[in-house]
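Q: Compact mmCIF, C-alpha atoms, file work_14.txt:
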# COMPACT_ATOMS: atom_id res chain seq x y z
CA MET P 1 14.96 44.80 165.15
CA GLU P 2 13.26 47.20 162.69
CA LYS P 3 13.86 50.05 165.15
CA ILE P 4 17.58 49.19 165.32
CA ILE P 5 17.86 49.11 161.49
CA PHE P 6 16.02 52.43 161.29
CA TYR P 7 18.34 53.92 163.91
CA PHE P 8 21.56 52.92 162.10
CA THR P 9 20.13 54.02 158.74
CA PHE P 10 19.29 57.41 160.25
CA ILE P 11 22.83 57.78 161.67
CA LEU P 12 24.35 56.78 158.30
CA ILE P 13 22.30 59.41 156.48
CA ILE P 14 23.50 62.07 158.93
CA LEU P 15 27.14 61.02 158.55
CA VAL P 16 26.94 61.03 154.75
CA GLY P 17 25.30 64.44 154.85
CA CYS P 18 28.06 65.77 157.12
CA ASN P 19 30.74 64.40 154.83
CA GLU P 20 29.10 66.02 151.81
CA LYS P 21 28.96 69.33 153.61
CA LYS P 22 32.61 69.11 154.63
CA SER P 23 33.84 68.37 151.12
CA SER P 24 31.91 71.21 149.49
CA PRO P 25 34.07 74.34 148.99
CA VAL P 26 31.24 76.48 147.58
CA SER P 27 31.63 79.26 150.16
CA TYR P 28 35.28 79.69 149.16
CA LEU P 29 34.40 80.19 145.51
CA GLU P 30 32.09 83.15 145.95
CA ILE P 31 33.80 86.44 145.05
CA ASN P 32 31.55 89.25 146.24
CA ASN P 33 34.10 92.09 146.19
CA LYS P 34 34.80 92.24 142.45
CA SER P 35 34.69 96.03 142.30
CA GLN P 36 37.28 96.25 145.09
CA ILE P 37 39.63 93.83 143.31
CA ASP P 38 39.08 95.62 140.00
CA SER P 39 40.00 98.96 141.59
CA VAL P 40 43.32 97.58 142.85
CA ALA P 41 44.35 96.60 139.31
CA GLN P 42 43.00 99.86 137.91
CA THR P 43 45.27 101.86 140.22
CA PHE P 44 48.35 100.39 138.50
CA ILE P 45 46.86 101.43 135.15
CA ASP P 46 45.86 104.93 136.29
CA ARG P 47 49.39 105.52 137.59
CA GLU P 48 50.72 104.29 134.22
CA ILE P 49 52.87 101.59 135.81
CA TYR P 50 51.54 98.76 133.61
CA PRO P 51 50.00 98.86 130.12
CA PHE P 52 47.30 96.34 131.05
CA ILE P 53 46.50 93.77 133.73
CA TYR P 54 44.30 90.78 132.96
CA SER P 55 43.39 88.80 136.10
CA ARG P 56 41.59 85.47 136.16
CA VAL P 57 40.63 82.89 138.81
CA GLU P 58 39.22 79.45 138.00
CA ASP P 59 37.96 76.59 140.14
CA SER P 60 39.14 73.00 139.75
CA ASN P 61 36.62 72.39 136.95
CA GLY P 62 37.78 75.41 134.93
CA THR P 63 34.81 77.59 135.79
CA VAL P 64 35.86 81.25 135.86
CA VAL P 65 34.99 82.70 139.26
CA TYR P 66 36.73 86.05 138.76
CA GLU P 67 37.92 87.89 135.64
CA ASN P 68 38.96 91.47 134.98
CA LEU P 69 40.84 93.56 132.42
CA ALA P 70 42.34 96.93 133.32
CA LYS P 71 43.88 98.61 130.26
CA ASN P 72 45.75 101.78 129.32
CA GLU P 73 43.62 103.28 126.57
CA ARG P 74 46.39 105.62 125.43
CA LEU P 75 48.58 102.67 124.46
CA LEU P 76 46.13 99.85 123.80
CA ALA P 77 42.86 101.41 122.70
CA ASN P 78 42.54 99.08 119.72
CA GLU P 79 43.73 95.89 121.44
CA ASN P 80 41.17 93.28 122.51
CA ILE P 81 42.73 91.50 125.51
CA ASP P 82 41.02 88.55 127.19
CA GLY P 83 41.58 84.99 128.34
CA ASP P 84 42.42 83.89 124.80
CA SER P 85 45.08 86.54 124.11
CA TRP P 86 48.58 85.17 123.55
CA ILE P 87 51.04 86.30 126.22
CA ARG P 88 54.83 85.89 126.49
CA ILE P 89 55.11 83.96 129.76
CA TRP P 90 58.92 83.70 130.07
CA SER P 91 59.79 81.87 133.33
CA MET P 92 56.29 80.49 133.64
CA SER P 93 57.65 78.12 130.96
CA LYS P 94 59.91 76.58 133.61
CA ILE P 95 57.26 74.64 135.50
CA VAL P 96 55.98 73.22 132.20
CA THR P 97 59.48 71.98 131.28
CA ILE P 98 60.05 70.65 134.80
CA CYS P 99 56.77 68.73 134.74
CA LEU P 100 57.68 67.34 131.32
CA ALA P 101 61.08 66.21 132.67
CA LEU P 102 59.38 64.55 135.67
CA ASP P 103 57.02 62.77 133.28
CA LEU P 104 59.98 61.47 131.25
CA MET P 105 61.62 60.34 134.49
CA GLU P 106 58.47 58.43 135.41
CA ASP P 107 58.90 56.63 132.08
CA GLY P 108 62.54 55.85 132.87
CA LEU P 109 64.20 57.94 130.18
CA PHE P 110 66.57 59.54 132.72
CA SER P 111 66.84 60.11 136.47
CA LEU P 112 67.54 62.90 138.94
CA ASN P 113 71.08 61.68 139.52
CA ASP P 114 72.02 61.31 135.87
CA SER P 115 74.93 63.43 134.73
CA VAL P 116 73.98 66.23 132.35
CA THR P 117 76.98 65.36 130.19
CA LYS P 118 75.51 61.89 129.62
CA PHE P 119 73.10 63.66 127.28
CA ILE P 120 75.10 66.79 126.43
CA PRO P 121 78.78 65.72 126.18
CA GLU P 122 79.55 69.16 124.73
CA PHE P 123 79.47 70.37 128.37
CA ASN P 124 82.30 68.08 129.49
CA ASN P 125 84.82 70.93 129.67
CA LEU P 126 82.73 73.72 131.19
CA LYS P 127 84.77 76.01 133.42
CA VAL P 128 83.69 77.89 136.54
CA ALA P 129 84.35 81.64 136.69
CA CYS P 130 85.77 82.75 140.05
CA ASP P 131 87.33 85.97 141.27
CA LYS P 132 91.09 86.41 141.21
CA ASP P 133 91.41 84.72 144.63
CA SER P 134 89.54 81.65 143.29
CA ILE P 135 86.60 82.23 145.61
CA GLN P 136 83.04 81.36 144.59
CA LEU P 137 81.98 84.08 142.16
CA VAL P 138 78.22 84.48 142.27
CA ASN P 139 76.35 84.71 145.53
CA SER P 140 73.49 86.73 146.97
CA ARG P 141 75.70 89.79 147.49
CA TRP P 142 76.26 90.34 143.77
CA TYR P 143 72.63 89.67 142.92
CA GLU P 144 71.23 92.04 145.53
CA ASP P 145 73.78 94.89 145.39
CA SER P 146 74.44 96.40 141.97
CA THR P 147 76.90 98.92 143.48
CA MET P 148 79.44 96.28 144.48
CA LYS P 149 82.73 96.55 142.64
CA SER P 150 83.05 93.94 139.91
CA PRO P 151 85.54 91.11 140.69
CA CYS P 152 86.98 91.17 137.15
CA PRO P 153 89.44 89.91 135.95
CA LEU P 154 88.42 86.33 136.63
CA ALA P 155 90.02 82.95 137.16
CA TYR P 156 88.57 79.93 135.33
CA LEU P 157 88.59 76.62 137.20
CA ASP P 158 87.41 73.10 136.49
CA ASN P 159 83.96 72.31 137.83
CA ASP P 160 84.63 70.41 141.07
CA SER P 161 81.44 68.29 140.96
CA THR P 162 79.35 66.31 138.50
CA MET P 163 76.45 68.38 137.19
CA THR P 164 73.22 66.39 137.53
CA VAL P 165 69.62 66.68 136.37
CA LEU P 166 68.71 67.48 139.99
CA HIS P 167 71.04 70.49 139.89
CA LEU P 168 69.15 71.77 136.85
CA LEU P 169 65.78 71.33 138.59
CA ASN P 170 67.03 73.22 141.64
CA HIS P 171 68.91 76.05 139.87
CA GLN P 172 72.17 74.78 141.30
CA ALA P 173 74.01 73.85 138.10
CA GLY P 174 75.68 77.22 137.55
CA PHE P 175 73.94 78.56 134.41
CA TYR P 176 72.96 82.20 134.64
CA TYR P 177 71.36 85.20 132.91
CA SER P 178 73.22 88.34 131.82
CA THR P 179 71.96 90.09 134.96
CA THR P 180 74.59 89.13 137.56
CA ASN P 181 76.00 92.71 137.79
CA ILE P 182 79.42 91.24 136.99
CA ASP P 183 80.38 92.77 133.65
CA CYS P 184 82.91 90.19 132.56
CA ILE P 185 80.42 87.30 132.66
CA ASP P 186 77.32 89.29 131.69
CA SER P 187 79.09 90.48 128.56
CA VAL P 188 80.10 87.00 127.38
CA ILE P 189 76.54 85.68 127.57
CA ALA P 190 75.32 88.81 125.79
CA ASN P 191 77.90 88.31 123.04
CA GLU P 192 76.70 84.74 122.45
CA ASN P 193 73.15 86.08 121.95
CA LEU P 194 71.50 82.85 123.10
CA ALA P 195 67.95 83.70 122.01
CA ALA P 196 69.20 84.08 118.43
CA ALA P 197 70.65 80.55 118.27
CA LYS P 198 69.54 78.76 115.10
CA ASN P 199 68.40 75.60 116.90
CA SER P 200 69.12 73.44 119.95
CA GLN P 201 72.53 72.32 118.69
CA ASP P 202 73.57 75.91 118.07
CA LEU P 203 72.35 76.83 121.57
CA ILE P 204 74.38 73.99 123.10
CA ASN P 205 77.45 75.15 121.17
CA LYS P 206 76.98 78.70 122.48
CA LEU P 207 76.44 77.55 126.08
CA ALA P 208 79.55 75.34 125.88
CA LYS P 209 81.64 78.49 125.36
CA LEU P 210 80.35 80.17 128.52
CA PRO P 211 81.66 79.69 132.05
CA LEU P 212 79.44 78.55 134.89
CA CYS P 213 78.91 81.15 137.60
CA GLN P 214 79.40 78.61 140.41
CA HIS P 215 80.44 75.01 141.02
CA SER P 216 77.49 72.71 140.33
CA GLY P 217 75.53 71.80 143.44
CA SER P 218 77.06 74.50 145.62
CA SER P 219 74.07 76.83 146.04
CA TYR P 220 70.85 78.16 144.51
CA TYR P 221 71.28 80.73 141.73
CA TYR P 222 68.43 81.52 139.33
CA GLY P 223 69.38 81.22 135.68
CA THR P 224 69.06 79.28 132.44
CA ASN P 225 69.23 75.90 134.18
CA THR P 226 65.69 74.96 133.09
CA THR P 227 66.55 75.74 129.48
CA VAL P 228 69.39 73.22 129.77
CA LEU P 229 66.90 70.78 131.34
CA GLY P 230 64.79 71.17 128.19
CA LEU P 231 67.86 70.29 126.10
CA VAL P 232 68.32 67.14 128.21
CA CYS P 233 64.68 66.22 127.48
CA GLU P 234 65.33 66.65 123.77
CA ARG P 235 68.54 64.60 123.77
CA ALA P 236 66.96 61.83 125.87
CA THR P 237 64.00 61.42 123.50
CA GLY P 238 65.27 62.52 120.11
CA LYS P 239 62.33 64.95 119.86
CA THR P 240 62.08 68.71 120.11
CA LEU P 241 60.65 70.34 123.20
CA ALA P 242 57.75 71.62 121.09
CA GLN P 243 56.94 68.05 120.01
CA LEU P 244 57.19 66.73 123.56
CA VAL P 245 54.88 69.41 124.95
CA LYS P 246 52.34 68.70 122.24
CA GLU P 247 52.52 64.90 122.49
CA ARG P 248 52.68 64.60 126.27
CA ILE P 249 50.85 67.67 127.60
CA THR P 250 48.59 69.68 125.33
CA ASP P 251 47.15 66.94 123.08
CA PRO P 252 46.35 64.25 125.69
CA MET P 253 45.00 66.76 128.22
CA LYS P 254 43.16 68.77 125.54
CA ILE P 255 44.89 72.02 126.47
CA LYS P 256 44.59 74.85 123.96
CA GLY P 257 46.59 78.00 124.51
CA LEU P 258 50.03 76.71 125.54
CA ALA P 259 52.77 76.54 122.90
CA TYR P 260 56.21 77.57 121.68
CA ASP P 261 55.15 78.90 118.27
CA LEU P 262 52.64 81.66 117.65
CA PRO P 263 49.67 80.17 115.77
CA GLN P 264 49.08 81.33 112.21
CA GLY P 265 47.06 84.53 112.16
CA ALA P 266 47.61 85.28 115.86
CA THR P 267 49.39 88.43 117.02
CA MET P 268 51.52 89.36 120.02
CA LEU P 269 51.14 92.43 122.20
CA PRO P 270 53.91 95.05 122.17
CA ARG P 271 56.80 95.01 124.65
CA PHE P 272 56.65 97.90 127.11
CA SER P 273 59.18 99.55 129.39
CA GLY P 274 59.11 101.95 132.31
CA LYS P 275 62.88 102.38 132.44
CA ASP P 276 62.67 106.16 132.05
CA SER P 277 59.77 106.47 134.53
CA ILE P 278 57.50 106.80 131.48
CA LEU P 279 55.35 103.95 130.25
CA ARG P 280 56.36 103.45 126.60
CA ILE P 281 57.15 100.89 123.92
CA ALA P 282 60.41 99.14 124.80
CA GLU P 283 63.43 99.81 122.63
CA GLU P 284 65.20 96.98 120.82
CA GLY P 285 67.58 95.19 123.18
CA GLU P 286 66.09 96.83 126.26
CA LEU P 287 64.89 93.51 127.68
CA ASP P 288 68.43 92.42 128.49
CA ILE P 289 67.94 89.07 130.22
CA PHE P 290 70.02 87.48 127.42
CA GLY P 291 71.88 90.68 126.70
CA GLN P 292 70.57 91.23 123.19
CA ASN P 293 67.77 89.34 121.47
CA VAL P 294 64.65 87.83 123.04
CA PRO P 295 62.64 84.76 121.88
CA ASP P 296 60.75 85.44 118.65
CA TYR P 297 58.13 82.60 118.73
CA ARG P 298 58.34 82.12 114.94
CA PRO P 299 57.40 78.59 113.71
CA GLU P 300 60.28 78.74 111.20
CA HIS P 301 62.79 79.25 114.05
CA PRO P 302 63.20 75.79 115.69
CA LEU P 303 64.64 77.00 119.01
CA TYR P 304 62.72 76.06 122.15
CA LEU P 305 63.93 77.68 125.36
CA GLY P 306 62.55 75.51 128.14
CA GLY P 307 63.05 78.20 130.76
CA GLU P 308 61.80 81.24 128.89
CA GLY P 309 60.39 80.48 125.44
CA MET P 310 56.70 79.63 125.76
CA ILE P 311 53.61 81.65 125.02
CA ALA P 312 50.20 80.99 126.52
CA THR P 313 46.71 82.32 126.96
CA ALA P 314 45.35 82.74 130.47
CA ASN P 315 42.76 80.14 129.56
CA GLY P 316 45.35 77.61 128.38
CA TYR P 317 47.80 78.20 131.19
CA GLY P 318 44.96 77.90 133.69
CA ASP P 319 44.24 74.42 132.28
CA PHE P 320 47.86 73.41 132.86
CA LEU P 321 47.67 74.72 136.44
CA ARG P 322 44.49 72.74 137.02
CA MET P 323 46.42 69.58 136.13
CA LEU P 324 48.71 70.28 139.08
CA LEU P 325 45.78 71.28 141.29
CA ASN P 326 44.13 67.95 140.44
CA LYS P 327 47.30 66.06 141.47
CA GLY P 328 48.62 65.35 138.00
CA LYS P 329 45.41 64.66 136.11
CA LEU P 330 43.26 66.69 133.70
CA ASN P 331 40.33 65.88 131.43
CA GLY P 332 40.52 62.19 132.33
CA TYR P 333 44.24 61.87 131.49
CA ARG P 334 46.88 61.22 134.14
CA PHE P 335 50.05 63.10 133.24
CA LEU P 336 51.97 62.86 136.55
CA GLU P 337 51.64 60.48 139.45
CA GLU P 338 50.37 61.99 142.70
CA SER P 339 53.68 61.13 144.38
CA THR P 340 55.53 63.11 141.68
CA VAL P 341 53.37 66.20 142.29
CA LYS P 342 54.04 65.85 146.01
CA ASP P 343 57.79 65.75 145.36
CA LEU P 344 57.50 68.74 143.00
CA THR P 345 55.94 70.84 145.76
CA SER P 346 58.07 69.61 148.68
CA PRO P 347 60.92 71.75 150.11
CA HIS P 348 64.07 71.52 147.99
CA THR P 349 65.81 74.91 148.15
CA GLN P 350 65.54 78.20 150.09
CA LYS P 351 64.24 76.27 153.07
CA ASP P 352 65.31 79.00 155.51
CA ASN P 353 63.38 81.79 153.73
CA SER P 354 60.69 83.21 156.00
CA TYR P 355 58.38 83.83 153.02
CA GLY P 356 58.27 80.16 152.00
CA TYR P 357 60.40 77.65 150.13
CA ASN P 358 61.08 76.34 146.64
CA GLY P 359 59.90 73.00 145.40
CA TYR P 360 61.26 72.31 141.93
CA ASN P 361 61.16 75.98 140.88
CA LEU P 362 57.66 76.29 142.36
CA TRP P 363 57.41 78.73 145.27
CA VAL P 364 55.27 77.62 148.23
CA SER P 365 54.13 80.53 150.40
CA SER P 366 54.54 80.69 154.17
CA GLU P 367 52.15 82.08 156.80
CA ILE P 368 53.62 85.55 156.13
CA TYR P 369 51.47 85.73 152.99
CA LEU P 370 48.41 85.30 155.20
CA GLU P 371 49.61 87.69 157.91
CA LYS P 372 50.41 90.47 155.41
CA GLY P 373 47.23 90.01 153.43
CA TYR P 374 49.05 88.76 150.32
CA GLY P 375 46.75 85.76 150.02
CA GLU P 376 47.28 82.53 151.89
CA GLU P 377 49.81 80.12 153.30
CA GLY P 378 50.61 77.11 151.11
CA LEU P 379 50.00 78.66 147.69
CA TRP P 380 52.08 77.24 144.81
CA MET P 381 53.37 80.24 142.88
CA GLY P 382 55.53 81.47 140.02
CA GLY P 383 55.97 84.26 137.52
CA GLY P 384 57.70 85.55 134.39
CA TYR P 385 60.04 88.28 133.18
CA GLU P 386 57.38 90.56 131.68
CA GLY P 387 55.22 90.58 134.81
CA THR P 388 53.15 87.42 134.41
CA HIS P 389 52.15 85.57 137.58
CA PHE P 390 50.27 82.44 138.66
CA TRP P 391 49.24 80.61 141.80
CA ILE P 392 47.54 77.35 142.76
CA ASP P 393 45.39 77.16 145.89
CA THR P 394 44.92 73.51 146.91
CA LYS P 395 42.94 74.50 150.01
CA ARG P 396 40.14 76.16 148.06
CA GLY P 397 40.55 74.37 144.73
CA LEU P 398 41.51 77.48 142.75
CA VAL P 399 44.08 78.56 140.19
CA GLY P 400 44.88 82.17 139.38
CA THR P 401 46.76 84.04 136.66
CA ILE P 402 47.72 87.70 136.37
CA MET P 403 48.85 88.60 132.86
CA THR P 404 50.66 91.68 131.57
CA GLN P 405 53.57 92.46 129.22
CA MET P 406 55.96 94.85 130.90
CA PHE P 407 59.59 95.03 131.99
CA TRP P 408 61.49 97.80 133.78
CA VAL P 409 58.65 98.58 136.19
CA PHE P 410 59.02 101.99 137.80
CA ASP P 411 57.39 103.61 140.86
CA GLY P 412 59.61 101.77 143.33
CA ALA P 413 58.29 99.02 145.55
CA TYR P 414 54.70 99.93 144.74
CA GLY P 415 55.20 99.01 141.10
CA TYR P 416 56.41 95.54 142.01
CA SER P 417 53.60 94.93 144.52
CA LYS P 418 51.05 94.23 141.78
CA ASP P 419 50.64 90.49 142.34
CA ASN P 420 50.48 90.64 146.14
CA ARG P 421 47.96 93.49 146.07
CA ILE P 422 45.63 91.91 143.52
CA ARG P 423 45.89 88.44 145.05
CA GLY P 424 45.45 89.96 148.51
CA ALA P 425 42.24 91.72 147.45
CA ILE P 426 40.88 88.44 146.07
CA TYR P 427 41.60 86.63 149.33
CA GLU P 428 40.61 89.30 151.85
CA PRO P 429 36.94 88.24 152.21
CA TRP P 430 38.06 84.65 152.87
CA THR P 431 41.01 85.33 155.16
CA LYS P 432 39.83 88.65 156.69
CA MET P 433 43.44 89.82 156.40
CA PRO P 434 43.86 93.28 154.79
CA TYR P 435 46.98 94.09 152.79
CA ILE P 436 49.93 95.34 154.85
CA GLU P 437 52.78 97.34 153.25
Please go through the file and, once you have read it, give me the structure as structure tokens.
A:
Amino acid sequence: MEKIIFYFTFILIILVGCNEKKSSPVSYLEINNKSQIDSVAQTFIDREIYPFIYSRVEDSNGTVVYENLAKNERLLANENIDGDSWIRIWSMSKIVTICLALDLMEDGLFSLNDSVTKFIPEFNNLKVACDKDSIQLVNSRWYEDSTMKSPCPLAYLDNDSTMTVLHLLNHQAGFYYSTTNIDCIDSVIANENLAAAKNSQDLINKLAKLPLCQHSGSSYYYGTNTTVLGLVCERATGKTLAQLVKERITDPMKIKGLAYDLPQGATMLPRFSGKDSILRIAEEGELDIFGQNVPDYRPEHPLYLGGEGMIATANGYGDFLRMLLNKGKLNGYRFLEESTVKDLTSPHTQKDNSYGYNGYNLWVSSEIYLEKGYGEEGLWMGGGYEGTHFWIDTKRGLVGTIMTQMFWVFDGAYGYSKDNRIRGAIYEPWTKMPYIE
């Protein structure tokens, strides 16, 4: 009998040991090619394509496993840039607002199928801009080909469907940026100067004057839909987006370095442009996503653009990413249910794209990223207007950020390959897949 007990105890010890070995990702977290990764980022600096690139990778506990700063000394000799520097993150705000909306939905304040006009009745009479033959106006052709002849003048039709919260999540509501290449709708959004709105009500009033660029629910078109989602969050709760982020995200999860307003005494890095094939300080109005002004991040300006208006440090944004990596929980606080995170990262739009698919404005990479040496299949990814980028690796338990402040990148396709090249260099020792042009 004692022999039998000893035998089963021995087997149990072996099984437990095997399970411990299987669950340990230590080999994935060793980065032994730091100089190689650093040199990839440095190339973009040496060629004067970007003013600086700060790259950072953390494990699920927040331990930094890779960090590097490459900086243009001509432009930024006196700037100290690190994981606590405040960065304009633009569209990296979107996933924060989307997660906040999902949290409010978990609490029953609204649902995916709710009409947007239930909360913003000012949008009851929004029109849809179509070409003179009343055909859908915006589609991939206009977005991809700036040489196409503008369809102006336009016809303005009633929206033929009910705009829902789900349409906002999926960029299918019809809100757009002033970058459609169609002058007669780009100019009207520029004239409204959305980023200069006094507050949320003023922003709603400005948006109510603009046409939609497509009938709600008809197709995917990237625009200010998430900013409208933030307005829904405000109307549903009676609180500002800044209050909601603080009360529901940063305070309970102890996240520092994620905000709408620049903290007292903090400074922002300059805006840069490569529009003239020369890396220089950007001119006023040159970042034309809204046509004129850009967010100013001043505490005395109570305007919170849920799709574009946040600032963050790499350290703080990495904490937010770790919440998603840890299936909705951080620092002992559950923010989202696991089922909600699963829905967030499930296929919703662009399902036929060979490079991956969109969850709720969260790109999930396909096997092509592995084959081309861009990183890995199944990464959750996103980025922002001035060149910021992030990814979440659930396979290895990692989150990554690449921070810069730069629009109008020059040097062709090479200039825009920054994220894939740096991420690819980080992953090459693990995947054994070198970068392919």
Q: Within 8 Å of range 186-199 of chain P, counting all atoms listed in the file, which residues show up once you throw out same-chain ones fewer than 4 positions away? Write them as a list in words, please.
A: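 So, after excluding close chain neighbours, the residues are Tyr177, Ser178, Thr179, Thr180, Asn181, Ile182, Leu203, Lys206, Leu207, Leu210, Phe290, Gly291, Gln292, Asn293, Val294, Pro295, His301, Pro302, Leu303, Tyr304 and Leu305 of chain P.
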Q: Would you mind listing what lies within 9 Å of Val341 in chain P as a list in words, with all atoms listed in the file counted and same-chain residues fewer than 2 positions away left out?
A: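 Residues meeting the cut-off are Cys99, Leu324, Lys327, Gly328, Leu336, Glu337, Glu338, Ser339, Asp343, Leu344, Thr345 and Ser346 of chain P.
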Q: Just to confirm, what's the straight-line distance from CA of Trp380 in chain P to CA of Asp319 in chain P in Å (one decimal)?
A: 15.0 Å
Q: Kindly give the distance, in Å, that separates CA of Tyr297 in chain P and CA of Asp261 in chain P, rounded to a single decimal.
A: 4.8 Å
Q: Can you tell me how far CA of Thr313 in chain P sits from CA of Gly359 in chain P, in Å to one decimal?
A: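 Taking CA of Thr313 in chain P as the start and CA of Gly359 in chain P as the end point, the length is 24.5 Å.
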Q: I need the residue nearest Ile120 in chain P from this list: P:Arg248, P:Arg235, P:Arg298, P:Lys71. Use only C-alpha atoms for the distance.
A: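 Of P:Arg248, P:Arg235, P:Arg298, P:Lys71, the one nearest Ile120 in chain P, counting only C-alpha atoms, is P:Arg235.
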Q: Of the candidates P:Val116, P:Ala425, P:Ile436, P:Leu69, which one gets nearest to Val40 in chain P if we count all atoms listed in the file?
A: P:Ala425
Q: Find the residue from P:Glu30, P:Lys351, P:Tyr333, P:Gly285 that sits nearest to Pro429 in chain P; use all atoms listed in the file when measuring.
A: P:Glu30
Q: Using all atoms listed in the file, determine which residues lie at most 8 Å from Ser115 in chain P, disregarding the query and same-chain residues fewer than 6 positions distant; provide the list as a count of residues only.
A: 4
Q: Kindly indicate which residue among P:Ser60, P:Gln243, P:Thr97, P:Ser218 lies nearest to Leu321 in chain P, using all atoms listed in the file for the distances.
A: P:Ser60
Q: Need to verify the contact set: Glu428 in chain P, 10 Å, all atoms listed in the file, exclusion of same-chain residues closer than 3 positions in sequence. Can you return it as a list in words?
A: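 Residues near the query, excluding close chain neighbours: Asn33, Ile37, Leu370, Gly373, Tyr374, Gly375, Glu376, Arg423, Gly424, Ala425, Thr431, Lys432, Met433, Pro434 and Tyr435 of chain P.
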Q: Which one of P:Asn61, P:Ser93, P:Asn420, P:Thr117 sits closest to Leu258 in chain P if you count all atoms listed in the file?
A: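 Nearest to Leu258 in chain P: P:Ser93.
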